[in-house]
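Below is one structure; the comments refer to it alone.
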Amino acid sequence: MLGSGGREHALAWKLAQSRLLSAGEGTLYAAPGNPGMAQHAQLVQLDAADHDAVAKFCTEKTIGLVVVGPEAPLVNGLADSLRAQGIAVFGPSKAAAQLEGSKAFTKELCDRAGIPTAGYLRAKSLAEALDGLSRFSPPYVLKADGLAAGKGVVIAENRAEAEAALADMFGGAFGKAGAEVVIEEFLEGEEASFFVLTDGATIMPIGTAQDHKRVGDGDSGPNTGGMGAYSPAPVLTPLLQGEVIERIIAPTVRTLADEGTPYSGVLYCGLMLTGEGPKLIEYNCRFGDPECQPLMLRFEGDLGDYMLACAQSSLSSLKPPRLSDDTALTVVMAARGYPGTPEKGGAIGGIEEAEKDGAKVFHAGTGLNSEGALIATGGRVLNVTAKGHNVREAQAAAYAAVDRIDFPSGFCRRDIGYREVAREMETQGND
Ligand code: AMP
Ligand code: GLY
């Protein structure tokens, strides 16, 4: 398993329960991993950017499956390098990972396959972009084409803001990622995410989720990588899920396979539920972080089997996995200062106490100090995750666990899931 965040801890926790590992026959390695993952895996120092070093390690240890957590190594072709050495990988090739690696690639694929998405224009220079702006009306949606660690999208309220943002993008604010920009029509609606596993032919849904990107309660303040999430997202009804598979995901998977670049791994489909039906906002070639954490709490199959089947193009031989009917909800505890400069080194205690009623605390940005005590080392530090029969119960269980954690230099939102809780109260007629 490559990666070191809360997503990877959740995957490692679930994978450790796989028959591939639990019989004591296999070993799970995590590179670089984190102290939470160390409960399930042996930590090793490997640089995912050094494909030869990863391949050498896998060959020496006769690794049966490599699971790549984050997007950057996939977009850089790590899966191709490992497959060339005969090593099985859960995650798409460089060509297929373009679904996340290039916004323009995905938009053009949507054109070719007739997939509903926002109207758009590609611009390769500032002059071209400024000229193109006139074809859109505010708010303007401006996206750096390449990977920008989730920061490459600007929604500008007026033309002056849009012009300034475009000047920044072409001025190098996102490095190479901003050498090309996509301008999009603004979509109105509610956002939700849909996750499927695929081996390039078979598609298996593994759940829906919604996250909270803003740092503050009531969705206020700057954007973050995600301050919390829950699964399922009831707004994505079974009927809508069927429509998304038929009109968005299946044509994507089919088109990539037909073009000789089949997609395998998990496909994260970011959707806007508009008045005209669901439209694709973006694809990611990996699990969401923190969306993966509630998904893994609900996933009742053998994750190792499913991942291996994706890697070996044999997903059709498995039945779709059972997903718990419960709701799972994750609260992200972050270090003060996040999403700006987070305070590092803050002491963390109380995790065992927090887990005593069934909650799971995934580590995201933690480390050990010289005395071996757990400390914060990143922006998003802990992902406190709990289940309940509905969002309200899951929310109460997650916050009860949060309140047992002793992390004085940390903070969290207190309202993860609030929209869904309000909807639940409306439909149940409760106060
Ligand atoms: P992306 O990185 O493409 O997911 O964009 C980041 C966020 O910007 C999304 O989660 C949406 O909230 C918003 N966004 C992106 N594209 C659009 C669009 N065409 N219309 C409205 N909001 C958008
Ligand atoms: N939580 C959003 C993402 O993983 O992209």
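All residue names refer to the structure tokens as shown: chains lettered A, B, ... in order, residues numbered from 1 in each chain, ligands numbered from 1 in order.
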Near range 395-403 of chain A, counting only C-alpha atoms, which residues have an atom at most 8 Å away, once you skip same-chain residues fewer than 6 positions from it, shown as a ChimeraX atom specification?
/A:329-331,353-355,359,384-388,414,416-417
Would you list the residues that come within 9 Å of ligand 2? Count only C-alpha atoms and all ligand atoms and give the answer as a PDB file with all heavy atoms, in the first residue's frame.
```
ATOM      1  N   ARG A   7      -7.059   8.131   4.258  1.00  0.00           N
ATOM      2  CA  ARG A   7      -7.595   7.207   3.247  1.00  0.00           C
ATOM      3  C   ARG A   7      -6.814   5.902   3.269  1.00  0.00           C
ATOM      4  O   ARG A   7      -7.402   4.808   3.296  1.00  0.00           O
ATOM      5  CB  ARG A   7      -7.462   7.886   1.869  1.00  0.00           C
ATOM      6  CG  ARG A   7      -7.614   6.958   0.691  1.00  0.00           C
ATOM      7  CD  ARG A   7      -7.433   7.718  -0.619  1.00  0.00           C
ATOM      8  NE  ARG A   7      -6.177   8.439  -0.674  1.00  0.00           N
ATOM      9  CZ  ARG A   7      -5.963   9.538  -1.378  1.00  0.00           C
ATOM     10  NH1 ARG A   7      -6.906  10.051  -2.122  1.00  0.00           N
ATOM     11  NH2 ARG A   7      -4.790  10.142  -1.369  1.00  0.00           N
ATOM     12  N   ALA A 149      -3.269  19.563  -6.485  1.00  0.00           N
ATOM     13  CA  ALA A 149      -3.549  19.220  -5.080  1.00  0.00           C
ATOM     14  C   ALA A 149      -4.892  19.768  -4.621  1.00  0.00           C
ATOM     15  O   ALA A 149      -5.042  20.280  -3.514  1.00  0.00           O
ATOM     16  CB  ALA A 149      -2.423  19.726  -4.179  1.00  0.00           C
ATOM     17  N   GLY A 150      -5.891  19.701  -5.485  1.00  0.00           N
ATOM     18  CA  GLY A 150      -7.241  20.116  -5.119  1.00  0.00           C
ATOM     19  C   GLY A 150      -7.433  21.629  -5.072  1.00  0.00           C
ATOM     20  O   GLY A 150      -8.491  22.108  -4.682  1.00  0.00           O
ATOM     21  N   GLN A 210     -20.964  12.231   0.544  1.00  0.00           N
ATOM     22  CA  GLN A 210     -20.883  13.687   0.392  1.00  0.00           C
ATOM     23  C   GLN A 210     -19.823  14.167   1.359  1.00  0.00           C
ATOM     24  O   GLN A 210     -19.700  13.634   2.470  1.00  0.00           O
ATOM     25  CB  GLN A 210     -22.226  14.345   0.710  1.00  0.00           C
ATOM     26  CG  GLN A 210     -23.214  14.178  -0.451  1.00  0.00           C
ATOM     27  CD  GLN A 210     -24.537  14.895  -0.224  1.00  0.00           C
ATOM     28  OE1 GLN A 210     -25.247  14.571   0.710  1.00  0.00           O
ATOM     29  NE2 GLN A 210     -24.844  15.865  -1.074  1.00  0.00           N
ATOM     30  N   ASP A 211     -19.069  15.190   0.947  1.00  0.00           N
ATOM     31  CA  ASP A 211     -18.059  15.717   1.866  1.00  0.00           C
ATOM     32  C   ASP A 211     -18.304  17.191   2.144  1.00  0.00           C
ATOM     33  O   ASP A 211     -19.197  17.798   1.568  1.00  0.00           O
ATOM     34  CB  ASP A 211     -16.635  15.428   1.369  1.00  0.00           C
ATOM     35  CG  ASP A 211     -16.208  16.328   0.228  1.00  0.00           C
ATOM     36  OD1 ASP A 211     -17.084  16.959  -0.393  1.00  0.00           O
ATOM     37  OD2 ASP A 211     -15.002  16.399  -0.041  1.00  0.00           O
ATOM     38  N   HIS A 212     -17.545  17.721   3.059  1.00  0.00           N
ATOM     39  CA  HIS A 212     -17.637  19.132   3.439  1.00  0.00           C
ATOM     40  C   HIS A 212     -16.272  19.738   3.193  1.00  0.00           C
ATOM     41  O   HIS A 212     -15.334  19.429   3.920  1.00  0.00           O
ATOM     42  CB  HIS A 212     -17.976  19.273   4.921  1.00  0.00           C
ATOM     43  CG  HIS A 212     -19.339  18.787   5.300  1.00  0.00           C
ATOM     44  ND1 HIS A 212     -20.402  19.629   5.446  1.00  0.00           N
ATOM     45  CD2 HIS A 212     -19.800  17.553   5.552  1.00  0.00           C
ATOM     46  CE1 HIS A 212     -21.470  18.935   5.799  1.00  0.00           C
ATOM     47  NE2 HIS A 212     -21.129  17.653   5.866  1.00  0.00           N
ATOM     48  N   LYS A 213     -16.171  20.606   2.179  1.00  0.00           N
ATOM     49  CA  LYS A 213     -14.847  21.107   1.786  1.00  0.00           C
ATOM     50  C   LYS A 213     -14.394  22.334   2.570  1.00  0.00           C
ATOM     51  O   LYS A 213     -13.210  22.544   2.745  1.00  0.00           O
ATOM     52  CB  LYS A 213     -14.854  21.449   0.297  1.00  0.00           C
ATOM     53  CG  LYS A 213     -14.939  20.222  -0.613  1.00  0.00           C
ATOM     54  CD  LYS A 213     -13.948  20.291  -1.760  1.00  0.00           C
ATOM     55  CE  LYS A 213     -13.794  18.950  -2.449  1.00  0.00           C
ATOM     56  NZ  LYS A 213     -15.005  18.526  -3.161  1.00  0.00           N
ATOM     57  N   THR A 224     -10.734  23.271   1.839  1.00  0.00           N
ATOM     58  CA  THR A 224      -9.729  22.343   2.377  1.00  0.00           C
ATOM     59  C   THR A 224      -9.790  21.074   1.534  1.00  0.00           C
ATOM     60  O   THR A 224     -10.600  20.975   0.618  1.00  0.00           O
ATOM     61  CB  THR A 224     -10.082  21.952   3.827  1.00  0.00           C
ATOM     62  OG1 THR A 224     -11.243  21.102   3.788  1.00  0.00           O
ATOM     63  CG2 THR A 224     -10.378  23.158   4.692  1.00  0.00           C
ATOM     64  N   GLY A 225      -8.996  20.097   1.904  1.00  0.00           N
ATOM     65  CA  GLY A 225      -9.095  18.793   1.245  1.00  0.00           C
ATOM     66  C   GLY A 225     -10.363  18.049   1.643  1.00  0.00           C
ATOM     67  O   GLY A 225     -10.731  17.058   1.023  1.00  0.00           O
ATOM     68  N   GLY A 226     -11.049  18.534   2.667  1.00  0.00           N
ATOM     69  CA  GLY A 226     -12.279  17.892   3.142  1.00  0.00           C
ATOM     70  C   GLY A 226     -12.243  17.791   4.662  1.00  0.00           C
ATOM     71  O   GLY A 226     -11.285  17.258   5.219  1.00  0.00           O
ATOM     72  N   MET A 227     -13.239  18.346   5.324  1.00  0.00           N
ATOM     73  CA  MET A 227     -13.287  18.371   6.795  1.00  0.00           C
ATOM     74  C   MET A 227     -14.192  17.290   7.364  1.00  0.00           C
ATOM     75  O   MET A 227     -14.338  17.168   8.584  1.00  0.00           O
ATOM     76  CB  MET A 227     -13.767  19.741   7.282  1.00  0.00           C
ATOM     77  CG  MET A 227     -12.803  20.875   6.990  1.00  0.00           C
ATOM     78  SD  MET A 227     -11.163  20.648   7.729  1.00  0.00           S
ATOM     79  CE  MET A 227     -11.526  20.886   9.469  1.00  0.00           C
ATOM     80  N   GLY A 228     -14.823  16.528   6.492  1.00  0.00           N
ATOM     81  CA  GLY A 228     -15.692  15.470   6.975  1.00  0.00           C
ATOM     82  C   GLY A 228     -16.494  14.924   5.812  1.00  0.00           C
ATOM     83  O   GLY A 228     -16.559  15.539   4.742  1.00  0.00           O
ATOM     84  N   ALA A 229     -17.077  13.740   6.019  1.00  0.00           N
ATOM     85  CA  ALA A 229     -17.850  13.115   4.940  1.00  0.00           C
ATOM     86  C   ALA A 229     -18.767  12.067   5.538  1.00  0.00           C
ATOM     87  O   ALA A 229     -18.540  11.612   6.664  1.00  0.00           O
ATOM     88  CB  ALA A 229     -16.917  12.462   3.921  1.00  0.00           C
ATOM     89  N   TYR A 268     -13.772   7.556  -8.942  1.00  0.00           N
ATOM     90  CA  TYR A 268     -14.480   8.484  -8.058  1.00  0.00           C
ATOM     91  C   TYR A 268     -15.149   9.486  -8.967  1.00  0.00           C
ATOM     92  O   TYR A 268     -14.475  10.226  -9.683  1.00  0.00           O
ATOM     93  CB  TYR A 268     -13.441   9.108  -7.141  1.00  0.00           C
ATOM     94  CG  TYR A 268     -13.770  10.341  -6.335  1.00  0.00           C
ATOM     95  CD1 TYR A 268     -13.068  10.590  -5.170  1.00  0.00           C
ATOM     96  CD2 TYR A 268     -14.712  11.295  -6.719  1.00  0.00           C
ATOM     97  CE1 TYR A 268     -13.302  11.726  -4.407  1.00  0.00           C
ATOM     98  CE2 TYR A 268     -14.957  12.424  -5.955  1.00  0.00           C
ATOM     99  CZ  TYR A 268     -14.243  12.638  -4.817  1.00  0.00           C
ATOM    100  OH  TYR A 268     -14.461  13.758  -4.067  1.00  0.00           O
ATOM    101  N   GLY A 270     -17.402  12.662  -9.302  1.00  0.00           N
ATOM    102  CA  GLY A 270     -17.942  13.844  -8.624  1.00  0.00           C
ATOM    103  C   GLY A 270     -19.088  14.408  -9.460  1.00  0.00           C
ATOM    104  O   GLY A 270     -18.900  14.719 -10.633  1.00  0.00           O
ATOM    105  N   ASN A 284     -11.942  11.404 -10.257  1.00  0.00           N
ATOM    106  CA  ASN A 284     -10.661  11.184  -9.604  1.00  0.00           C
ATOM    107  C   ASN A 284     -10.314   9.708  -9.784  1.00  0.00           C
ATOM    108  O   ASN A 284     -11.205   8.857  -9.854  1.00  0.00           O
ATOM    109  CB  ASN A 284     -10.727  11.530  -8.116  1.00  0.00           C
ATOM    110  CG  ASN A 284     -10.943  13.030  -7.917  1.00  0.00           C
ATOM    111  OD1 ASN A 284     -10.254  13.850  -8.518  1.00  0.00           O
ATOM    112  ND2 ASN A 284     -11.911  13.388  -7.115  1.00  0.00           N
ATOM    113  N   ARG A 286      -8.778   7.698  -7.776  1.00  0.00           N
ATOM    114  CA  ARG A 286      -8.426   7.144  -6.451  1.00  0.00           C
ATOM    115  C   ARG A 286      -9.639   7.301  -5.557  1.00  0.00           C
ATOM    116  O   ARG A 286     -10.620   7.924  -5.947  1.00  0.00           O
ATOM    117  CB  ARG A 286      -7.276   7.967  -5.908  1.00  0.00           C
ATOM    118  CG  ARG A 286      -7.617   9.457  -6.184  1.00  0.00           C
ATOM    119  CD  ARG A 286      -7.110  10.438  -5.275  1.00  0.00           C
ATOM    120  NE  ARG A 286      -7.530  11.778  -5.681  1.00  0.00           N
ATOM    121  CZ  ARG A 286      -8.457  12.478  -5.062  1.00  0.00           C
ATOM    122  NH1 ARG A 286      -9.107  11.990  -4.035  1.00  0.00           N
ATOM    123  NH2 ARG A 286      -8.773  13.698  -5.480  1.00  0.00           N
ATOM    124  N   PHE A 287      -9.560   6.762  -4.351  1.00  0.00           N
ATOM    125  CA  PHE A 287     -10.618   6.995  -3.379  1.00  0.00           C
ATOM    126  C   PHE A 287     -10.560   8.442  -2.902  1.00  0.00           C
ATOM    127  O   PHE A 287      -9.485   9.050  -2.901  1.00  0.00           O
ATOM    128  CB  PHE A 287     -10.427   6.085  -2.155  1.00  0.00           C
ATOM    129  CG  PHE A 287     -10.890   4.675  -2.375  1.00  0.00           C
ATOM    130  CD1 PHE A 287      -9.993   3.673  -2.687  1.00  0.00           C
ATOM    131  CD2 PHE A 287     -12.233   4.353  -2.249  1.00  0.00           C
ATOM    132  CE1 PHE A 287     -10.418   2.365  -2.880  1.00  0.00           C
ATOM    133  CE2 PHE A 287     -12.673   3.045  -2.434  1.00  0.00           C
ATOM    134  CZ  PHE A 287     -11.759   2.059  -2.753  1.00  0.00           C
ATOM    135  N   GLY A 288     -11.705   8.976  -2.472  1.00  0.00           N
ATOM    136  CA  GLY A 288     -11.728  10.310  -1.875  1.00  0.00           C
ATOM    137  C   GLY A 288     -11.145  10.261  -0.472  1.00  0.00           C
ATOM    138  O   GLY A 288     -11.200   9.233   0.194  1.00  0.00           O
ATOM    139  N   ASP A 289     -10.605  11.385  -0.062  1.00  0.00           N
ATOM    140  CA  ASP A 289     -10.093  11.501   1.301  1.00  0.00           C
ATOM    141  C   ASP A 289     -10.714  12.753   1.892  1.00  0.00           C
ATOM    142  O   ASP A 289     -10.409  13.835   1.423  1.00  0.00           O
ATOM    143  CB  ASP A 289      -8.566  11.610   1.254  1.00  0.00           C
ATOM    144  CG  ASP A 289      -7.938  11.436   2.622  1.00  0.00           C
ATOM    145  OD1 ASP A 289      -8.681  11.418   3.621  1.00  0.00           O
ATOM    146  OD2 ASP A 289      -6.706  11.333   2.687  1.00  0.00           O
ATOM    147  N   PRO A 290     -11.666  12.676   2.787  1.00  0.00           N
ATOM    148  CA  PRO A 290     -11.973  11.561   3.692  1.00  0.00           C
ATOM    149  C   PRO A 290     -13.102  10.619   3.277  1.00  0.00           C
ATOM    150  O   PRO A 290     -13.456   9.754   4.069  1.00  0.00           O
ATOM    151  CB  PRO A 290     -12.398  12.303   4.964  1.00  0.00           C
ATOM    152  CG  PRO A 290     -13.111  13.526   4.459  1.00  0.00           C
ATOM    153  CD  PRO A 290     -12.367  13.915   3.200  1.00  0.00           C
ATOM    154  N   GLU A 291     -13.658  10.696   2.069  1.00  0.00           N
ATOM    155  CA  GLU A 291     -14.828   9.861   1.742  1.00  0.00           C
ATOM    156  C   GLU A 291     -14.545   8.369   1.892  1.00  0.00           C
ATOM    157  O   GLU A 291     -15.447   7.573   2.203  1.00  0.00           O
ATOM    158  CB  GLU A 291     -15.306  10.131   0.310  1.00  0.00           C
ATOM    159  CG  GLU A 291     -15.869  11.518   0.073  1.00  0.00           C
ATOM    160  CD  GLU A 291     -14.822  12.507  -0.389  1.00  0.00           C
ATOM    161  OE1 GLU A 291     -13.654  12.402   0.056  1.00  0.00           O
ATOM    162  OE2 GLU A 291     -15.162  13.390  -1.192  1.00  0.00           O
ATOM    163  N   CYS A 292     -13.306   7.981   1.636  1.00  0.00           N
ATOM    164  CA  CYS A 292     -12.941   6.565   1.722  1.00  0.00           C
ATOM    165  C   CYS A 292     -13.190   5.999   3.133  1.00  0.00           C
ATOM    166  O   CYS A 292     -13.538   4.821   3.281  1.00  0.00           O
ATOM    167  CB  CYS A 292     -11.455   6.434   1.376  1.00  0.00           C
ATOM    168  SG  CYS A 292     -10.828   4.769   1.417  1.00  0.00           S
TER     169      CYS A 292
END
```
Within 9 Å of ligand 1, counting only C-alpha atoms and all ligand atoms: which residues, as a PyMOL selection string? chain A and resi 103+117-120+139-143+148-155+183-192+213+270-272+280-284
*How many Å separate CA of Asn383 in chain A from CA of Val215 in chain A?*
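We find that CA of Asn383 in chain A and CA of Val215 in chain A lie 14.5 Å from each other.
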Practice item. Could you give me, as a PyMOL selection string, the residues within 9 Å of Pro342 in chain A, counting only C-alpha atoms and dropping anything in the same chain fewer than 2 positions from it? Key: chain A and resi 334-340+344+377-380
Using only C-alpha atoms, the best pick from A:Val381, A:Leu256, A:Ala311, A:Leu240 as closest to Phe105 in chain A would be A:Leu256
task: Work out how far apart CA of Gln39 in chain A and CA of His9 in chain A are and give it in Å to one decimal.
output: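 These atoms are spaced 9.5 Å apart.
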Apply DSSP to the backbone of this structure and, from range 379-421 of chain A, keep only the residues in strand (DSSP E); write these as a ChimeraX atom specification.
-> /A:380-388,410-411
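Using only C-alpha atoms, the smallest distance between any of A:Gly265, A:Gly36, A:Gly350, A:Gly171 and Gly69 in chain A comes from A:Gly265.
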Set the distance at 6 Å and use only C-alpha atoms: which residues neighbour Ala209 in chain A once local chain neighbours fewer than 5 positions away are removed? I'd like the list as a list in words. Ser193, Tyr230, Ser231, Pro232 and Ala233 of chain A
| message | For the helix (DSSP H, G or I) assignment from backbone DSSP, which residues of range 239-312 of chain A qualify? Please present them as JSON, numbers by chain. | response | {"A": [239, 240, 241, 242, 243, 244, 245, 246, 247, 248, 249, 250, 251, 252, 253, 254, 255, 256, 257, 258, 292, 293, 294, 295, 296, 297, 298, 303, 304, 305, 306, 307, 308, 309, 310, 311]}
I need the chosen residues saved as a short mmCIF file (atom, residue, chain, number, x, y, z; two decimals), in the first residue's frame, with N, CA and C atoms.
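out_28.cif was written with the following content:
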```
data_model
loop_
_atom_site.label_atom_id
_atom_site.label_comp_id
_atom_site.auth_asym_id
_atom_site.auth_seq_id
_atom_site.Cartn_x
_atom_site.Cartn_y
_atom_site.Cartn_z
N LEU A 239 -32.34 5.24 -8.08
CA LEU A 239 -32.73 5.60 -9.45
C LEU A 239 -31.65 6.48 -10.10
N LEU A 240 -31.19 7.49 -9.35
CA LEU A 240 -30.15 8.37 -9.88
C LEU A 240 -28.84 7.61 -10.07
N GLN A 241 -28.54 6.68 -9.16
CA GLN A 241 -27.30 5.89 -9.32
C GLN A 241 -27.34 5.11 -10.63
N GLY A 242 -28.50 4.57 -10.93
CA GLY A 242 -28.65 3.82 -12.19
C GLY A 242 -28.40 4.74 -13.38
N GLU A 243 -28.94 5.95 -13.29
CA GLU A 243 -28.78 6.91 -14.38
C GLU A 243 -27.30 7.32 -14.53
N VAL A 244 -26.63 7.49 -13.39
CA VAL A 244 -25.21 7.89 -13.44
C VAL A 244 -24.38 6.77 -14.07
N ILE A 245 -24.68 5.53 -13.72
CA ILE A 245 -23.91 4.43 -14.32
C ILE A 245 -24.16 4.40 -15.82
N GLU A 246 -25.44 4.48 -16.19
CA GLU A 246 -25.78 4.33 -17.61
C GLU A 246 -25.28 5.48 -18.47
N ARG A 247 -25.41 6.72 -17.94
CA ARG A 247 -25.14 7.88 -18.80
C ARG A 247 -23.74 8.45 -18.61
N ILE A 248 -23.09 8.12 -17.49
CA ILE A 248 -21.78 8.75 -17.22
C ILE A 248 -20.67 7.69 -17.08
N ILE A 249 -20.85 6.76 -16.13
CA ILE A 249 -19.72 5.87 -15.83
C ILE A 249 -19.52 4.80 -16.92
N ALA A 250 -20.61 4.13 -17.32
CA ALA A 250 -20.44 3.06 -18.31
C ALA A 250 -19.86 3.61 -19.63
N PRO A 251 -20.37 4.73 -20.15
CA PRO A 251 -19.76 5.25 -21.39
C PRO A 251 -18.29 5.63 -21.21
N THR A 252 -17.91 6.07 -20.02
CA THR A 252 -16.50 6.42 -19.76
C THR A 252 -15.64 5.16 -19.84
N VAL A 253 -16.08 4.14 -19.10
CA VAL A 253 -15.29 2.90 -19.03
C VAL A 253 -15.22 2.26 -20.42
N ARG A 254 -16.36 2.27 -21.12
CA ARG A 254 -16.41 1.66 -22.46
C ARG A 254 -15.50 2.43 -23.43
N THR A 255 -15.58 3.75 -23.40
CA THR A 255 -14.80 4.55 -24.36
C THR A 255 -13.30 4.34 -24.11
N LEU A 256 -12.89 4.35 -22.85
CA LEU A 256 -11.46 4.17 -22.57
C LEU A 256 -11.00 2.77 -23.02
N ALA A 257 -11.84 1.77 -22.80
CA ALA A 257 -11.47 0.41 -23.23
C ALA A 257 -11.39 0.35 -24.76
N ASP A 258 -12.40 0.93 -25.42
CA ASP A 258 -12.42 0.91 -26.89
C ASP A 258 -11.20 1.61 -27.48
N CYS A 292 -13.31 7.98 1.64
CA CYS A 292 -12.94 6.57 1.72
C CYS A 292 -13.19 6.00 3.13
N GLN A 293 -13.03 6.84 4.15
CA GLN A 293 -13.11 6.36 5.53
C GLN A 293 -14.52 5.86 5.84
N PRO A 294 -15.58 6.65 5.61
CA PRO A 294 -16.92 6.08 5.83
C PRO A 294 -17.25 4.95 4.86
N LEU A 295 -16.73 5.02 3.64
CA LEU A 295 -17.00 3.91 2.69
C LEU A 295 -16.45 2.60 3.25
N MET A 296 -15.25 2.65 3.79
CA MET A 296 -14.64 1.41 4.29
C MET A 296 -15.37 0.87 5.53
N LEU A 297 -15.96 1.77 6.31
CA LEU A 297 -16.71 1.28 7.47
C LEU A 297 -17.96 0.53 7.02
N ARG A 298 -18.47 0.86 5.84
CA ARG A 298 -19.70 0.21 5.36
C ARG A 298 -19.41 -0.99 4.45
N LEU A 303 -12.03 -6.77 0.79
CA LEU A 303 -11.47 -5.73 -0.07
C LEU A 303 -10.30 -6.25 -0.90
N GLY A 304 -9.50 -7.12 -0.30
CA GLY A 304 -8.35 -7.67 -1.03
C GLY A 304 -8.79 -8.42 -2.28
N ASP A 305 -9.84 -9.22 -2.16
CA ASP A 305 -10.35 -9.97 -3.32
C ASP A 305 -10.80 -9.02 -4.43
N TYR A 306 -11.53 -7.98 -4.03
CA TYR A 306 -12.05 -7.04 -5.04
C TYR A 306 -10.92 -6.27 -5.72
N MET A 307 -9.93 -5.86 -4.92
CA MET A 307 -8.83 -5.10 -5.52
C MET A 307 -8.01 -5.97 -6.47
N LEU A 308 -7.78 -7.21 -6.03
CA LEU A 308 -7.01 -8.14 -6.88
C LEU A 308 -7.77 -8.42 -8.18
N ALA A 309 -9.09 -8.56 -8.07
CA ALA A 309 -9.91 -8.83 -9.26
C ALA A 309 -9.87 -7.64 -10.23
N CYS A 310 -9.81 -6.43 -9.70
CA CYS A 310 -9.67 -5.25 -10.58
C CYS A 310 -8.33 -5.34 -11.31
N ALA A 311 -7.28 -5.68 -10.55
CA ALA A 311 -5.94 -5.73 -11.14
C ALA A 311 -5.81 -6.84 -12.16
#
```
Could you tell me how far CA of Glu259 in chain A lies from CA of Ala201 in chain A, in Å and to one decimal?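 Interatomic distance here is 12.9 Å.
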